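Asks: Submitted below is the structure of interest, expressed as C-alpha cells.
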Amino acid sequence: MSFPRGSSARPSDTGLQVGTAWIEAPYPVLVVDRHGGLVRINEAARLLLPDAASGDWLHERVPSWLSDAHRRICDGLSGTGAGPATGGVRGRLLEAHPTKGDDGDVVWWLVDQTDRRFAETALLDVRARSEILAEVSGSLLSTLNVGRCMEMTASMAADHLAEAAVLVAPPQGRRHPLTFARRGGPVTQAVRQVDVSAVPGLAEALQGFPPVPARWIDPSTIPDWVIPDGFTSPVGSVIVTPLPGHGVPAGALILLRSSTERAFSENEEVFARLFAARAGAALSAARLYTEQAAITATLMHELLPPVLHHVHGVEYAGGYRASKDHERVGGDFYDVHPGADSSGETLVVLGDVAGKGLEAAVLTGKIRNTLHALLPLAEDHQRVLNLLNGALLSSHHTRFATLVLVSVHHGDGRTLLRLTSAGHLPPLVARADGTVEEITTRGTLVGALPTVEARTVETVLAPGETCLLYTDGIVEARGGPLGDEFLGTERLKRALAECAGMQAEAVVERIQMLAAQWLHEGRHDDMAVVAITAPRASSLTTGDGYGRYGGRNT
C-alpha cells in the first residue's frame with residue numbers, strides 16, 4: 001500500500017497513494033519518509049499530536065522511542081516484522097506498527113494500548129492478591145496454635161501489606177497480647193497494659209466495628225507502643241482493621257508504612273480487610289480449638305484411670321488400653337480409694353461397662369463418681385452394689401456394668417482382702433510358691449436387674465503375693481499363631497504364675513505385654529488390669545509363718 005508524500009517534506013510526484021479509508025482510520029497514522037520527515041498524518045494523529053504537521057521532522061514531534069524505531073527500520077537494523085515499538089505519548093501507552101513502502105516511506109499505525117495494559121495490570125494485581133490470600137488461608141489454617149497463628153498473621157501482613165504490622169488480641173483482664181512484626185525482622189510477642197483509645201479506630205476494631213479509613217488517621221498521633229523495635233522511620237500511613245471471628249472479634253490488625261513509602265490506597269485498604277477476614281477466621285478457629293481442647297483435657301482427666309502407687313505399705317499398679325489406639329478412654333475403669341489411715345481399709349474397684357468409646361466412658365465416669373460418694377459405706381460391699389445399681393437403673397443410660405470390689409487391709413504382718421464380684425471375672429492370686437488361685441466370688445450385673453446378688457470372699461496375701469484384677473478384654477484378646485484364638489484364662493494363669501514374687505508394676509507390664517503380643521495388630525476390646533501386691537518381708541523362708549488362706553464366704 002502506498003501514499004503520496006507531503007509536498008512540504010519533499011516532491012509529491014514520487015506518489016504514495018492515500019485512499020479515503022486511510023485518512024478516516026480510527027487510529028493515529030503517520031507517514032514518514034526515509035529521512036525522518038513527516039509526509040502525511042490523519043485526523044486521529046492530529047488529535048494525538050496537535051503540533052505536528054506535514055513537513056515537520058519526526059524527532060521534533062514525537063518521543064524518542066518512536067523516532068529511534070523509525071531510524072532503525074530505515075537503516076535496515078530491523079524489519080517491519082520485528083514487532084511493534086511501544087512507548088508513551090501524552091500519558092497514553094501506544095504500540096507503533098510499521099508498514100514500509102517500496103519507495104522507503106514508512107506508515108506508522110499507532111494503536112492505543114492504555115486500557116488494555118491497565119486491565120492486564122489490574123488482572124495481574126488481582127491474581128497476585130488472590131495468591132497471597134490463598135497462601136494466608138493455607139498457612140494460617142495449618143496450625144491450631146493461637147500463638148503461632150498470631151505470629152504468622154503479623155509476619156505475613158508485614159511482608160505483603162505494609163512495612164510493619166501489630167496484631168492486638170482481645171484483652172486478658174486489663175492486658176492485651178501483642179504481636180509485632182517488621183518486614184525482614186523477627187516477630188516478637190508481649191502482653192502489656194496499653195491504651196487502645198490512643199490509636200484512632202482501634203477500640204472500635206477490637207469490638208468488631210468497621211475500620212476507619214486510613215486517610216482519617218493522623219500518623220503523627222500513633223503512640224510509641226504501636227511501633228515495633230527497629231522501625232526507625234517516621235510513620236507515614238496507617239491502617240487499622242478488625243479481625244472478624246466466629247461470633248466475637250478475634251482482635252485487630254494495625255499496618256504501618258513509613259513516610260518514605262507511598263500512602264495506603266483505597267484498593268490496599270480493601271485488600272487489607274480481605275486479609276484480616278481470613279486471619280480472623282483462622283485465629284478464631286485456633287482459639288475455639290484451644291478452648292475445646294482445654295475443656296476436653298479437664299473432662300478427660302476425670303475419666304482417665306488414675307496413677308497407682310503404694311498405699312499403707314501395699315503395692316498397687318494398674319494398666320489400661322482402649323479398644324482403639326487413638327482413643328484414651330473407654331468402658332473399662334479402675335480406682336483405688338485409700339483409707340483414712342493405716343488402720344482403715346483401702347477400696348479397690350475394677351469394672352467394665354457394656355460398650356466402647358466415649359459413650360461407655362461417660363457411664364464409667366458416673367459409676368466412679370457414685371462409688372466415690374458411697375465410700376463411707378465401703379465396709380458393706382452388698383449395700384454399695386445395690387445403691388450403685390439403683391443409681392444406674394434410675395438414669396437415662398441403658399448400659400450395664402460388671403465390677404469387682406476389693407477391700408484391702410494390711411496389719412499385724414498380713415494383708416487381708418475382701419473381694420466381691422458383680423458379674424465380673426474371678427480375681428486371680430499368684431502365690432509365693434508359683435501357683436495361681438482363682439477366687440470364687442460370684443455375683444450379678446449392675447444396672448440390669450432390680451437388685452444385685454453377690455458373694456464376698458476373704459483371702460490373705462503372704463508377703464510378695466499378688467492379686468490380679470482384669471477385664472474380659474485381656475482373656476478375650478483374639479490372636480495367637482492363627483490369629484483367631486482367645487488368649488484365655490489358662491494362658492493368663494500360666495503367665496501370672498511366672499510373675500511370682502514380682503512387684504505389682506512389673507506384673508501389670510507382663511500381662512499387658514502378653515496381651516499385646518497375642519493380639520499383634522488385631523482388633524480388641526478395652527483392656528484393664530490391676531495388681532495388688534502384699535509388702536515383702538525382710539527375709540523369706542519356707543517357714544516364714546505365712547501359709548495360704550483359702551477363700552471364706554461371708
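All residue names refer to the C-alpha cells as shown: chains lettered A, B, ... in order, residues numbered from 1 in each chain, ligands numbered from 1 in order.
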Just the residues within 8 Å of range 244-248 of chain A, please, counting only C-alpha atoms, with nothing from its chain fewer than 3 positions along; format it as a ChimeraX atom specification.
Replies: /A:208,251,276-277,280-281,283-285
Asks: Please produce a file of those selected residues containing C-alpha atoms, as a tab-separated table (two decimals), in the first residue's frame.
Replies:
chain	number	residue	atom	x	y	z
A	208	GLY	CA	-15.80	-5.68	65.62
A	251	GLY	CA	-8.62	-8.92	67.54
A	276	ALA	CA	-7.93	-9.61	58.00
A	277	ALA	CA	-11.09	-11.63	57.37
A	280	GLY	CA	-9.59	-13.55	61.89
A	281	ALA	CA	-11.29	-16.80	60.84
A	283	LEU	CA	-7.42	-17.11	64.79
A	284	SER	CA	-10.99	-17.74	65.87
A	285	ALA	CA	-10.71	-21.39	64.86
Asks: Pick out the residues sitting within 8 Å of Gln189 in chain A, and hand them over as a PDB file with N, CA, C and O atoms, in the first residue's frame; count only C-alpha atoms, and ignore anything fewer than 4 positions along from it in its own chain.
Replies:
ATOM      1  N   GLU A 151       1.627 -15.058  65.281  1.00  0.00           N
ATOM      2  CA  GLU A 151       2.937 -14.758  64.700  1.00  0.00           C
ATOM      3  C   GLU A 151       2.878 -14.765  63.179  1.00  0.00           C
ATOM      4  O   GLU A 151       3.388 -13.852  62.517  1.00  0.00           O
ATOM      5  N   PRO A 177      -2.582  -9.191  74.644  1.00  0.00           N
ATOM      6  CA  PRO A 177      -1.485  -9.869  73.947  1.00  0.00           C
ATOM      7  C   PRO A 177      -1.178  -9.117  72.645  1.00  0.00           C
ATOM      8  O   PRO A 177      -2.080  -8.839  71.849  1.00  0.00           O
ATOM      9  N   LEU A 178       0.094  -8.792  72.420  1.00  0.00           N
ATOM     10  CA  LEU A 178       0.518  -8.044  71.245  1.00  0.00           C
ATOM     11  C   LEU A 178       1.545  -8.846  70.468  1.00  0.00           C
ATOM     12  O   LEU A 178       2.417  -9.497  71.057  1.00  0.00           O
ATOM     13  N   THR A 179       1.433  -8.791  69.145  1.00  0.00           N
ATOM     14  CA  THR A 179       2.406  -9.448  68.277  1.00  0.00           C
ATOM     15  C   THR A 179       2.933  -8.408  67.295  1.00  0.00           C
ATOM     16  O   THR A 179       2.155  -7.792  66.562  1.00  0.00           O
ATOM     17  N   PHE A 180       4.263  -8.200  67.289  1.00  0.00           N
ATOM     18  CA  PHE A 180       4.908  -7.192  66.447  1.00  0.00           C
ATOM     19  C   PHE A 180       5.698  -7.884  65.344  1.00  0.00           C
ATOM     20  O   PHE A 180       6.408  -8.869  65.596  1.00  0.00           O
TER      21      PHE A 180
END
Asks: Mind checking DSSP for range 257-301 of chain A and telling me the alpha helix (DSSP H) residues as a VMD selection string?
Replies: chain A and resid 266 to 301
Asks: Ile23 in chain A: which residues within 10 Å, counting only C-alpha atoms, same-chain residues fewer than 5 positions away excluded, as a list in words?
Replies: Val18, Pro28, Val29, Arg40, Ile41, Asn42, Glu43, Ala44 and Ala45 of chain A
Asks: Those selected residues, please, written with C-alpha atoms and delivered as a PDB file, in the first residue's frame.
Replies:
ATOM      1  CA  VAL A  18      -3.510   7.533   0.052  1.00  0.00           C
ATOM      2  CA  PRO A  28      -3.456   7.793  14.531  1.00  0.00           C
ATOM      3  CA  VAL A  29      -1.415   7.200  11.349  1.00  0.00           C
ATOM      4  CA  ARG A  40       1.192  12.900   5.944  1.00  0.00           C
ATOM      5  CA  ILE A  41      -0.822  12.483   9.170  1.00  0.00           C
ATOM      6  CA  ASN A  42      -4.504  11.680   9.512  1.00  0.00           C
ATOM      7  CA  GLU A  43      -7.098  13.391  11.679  1.00  0.00           C
ATOM      8  CA  ALA A  44      -6.659  10.967  14.600  1.00  0.00           C
ATOM      9  CA  ALA A  45      -2.926  11.695  14.593  1.00  0.00           C
TER      10      ALA A  45
END
Asks: Between CA of Ile132 in chain A and CA of Trp225 in chain A, what distance in Å does the model show, to one decimal?
Replies: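 Between CA of Ile132 in chain A and CA of Trp225 in chain A the gap is 28.3 Å.
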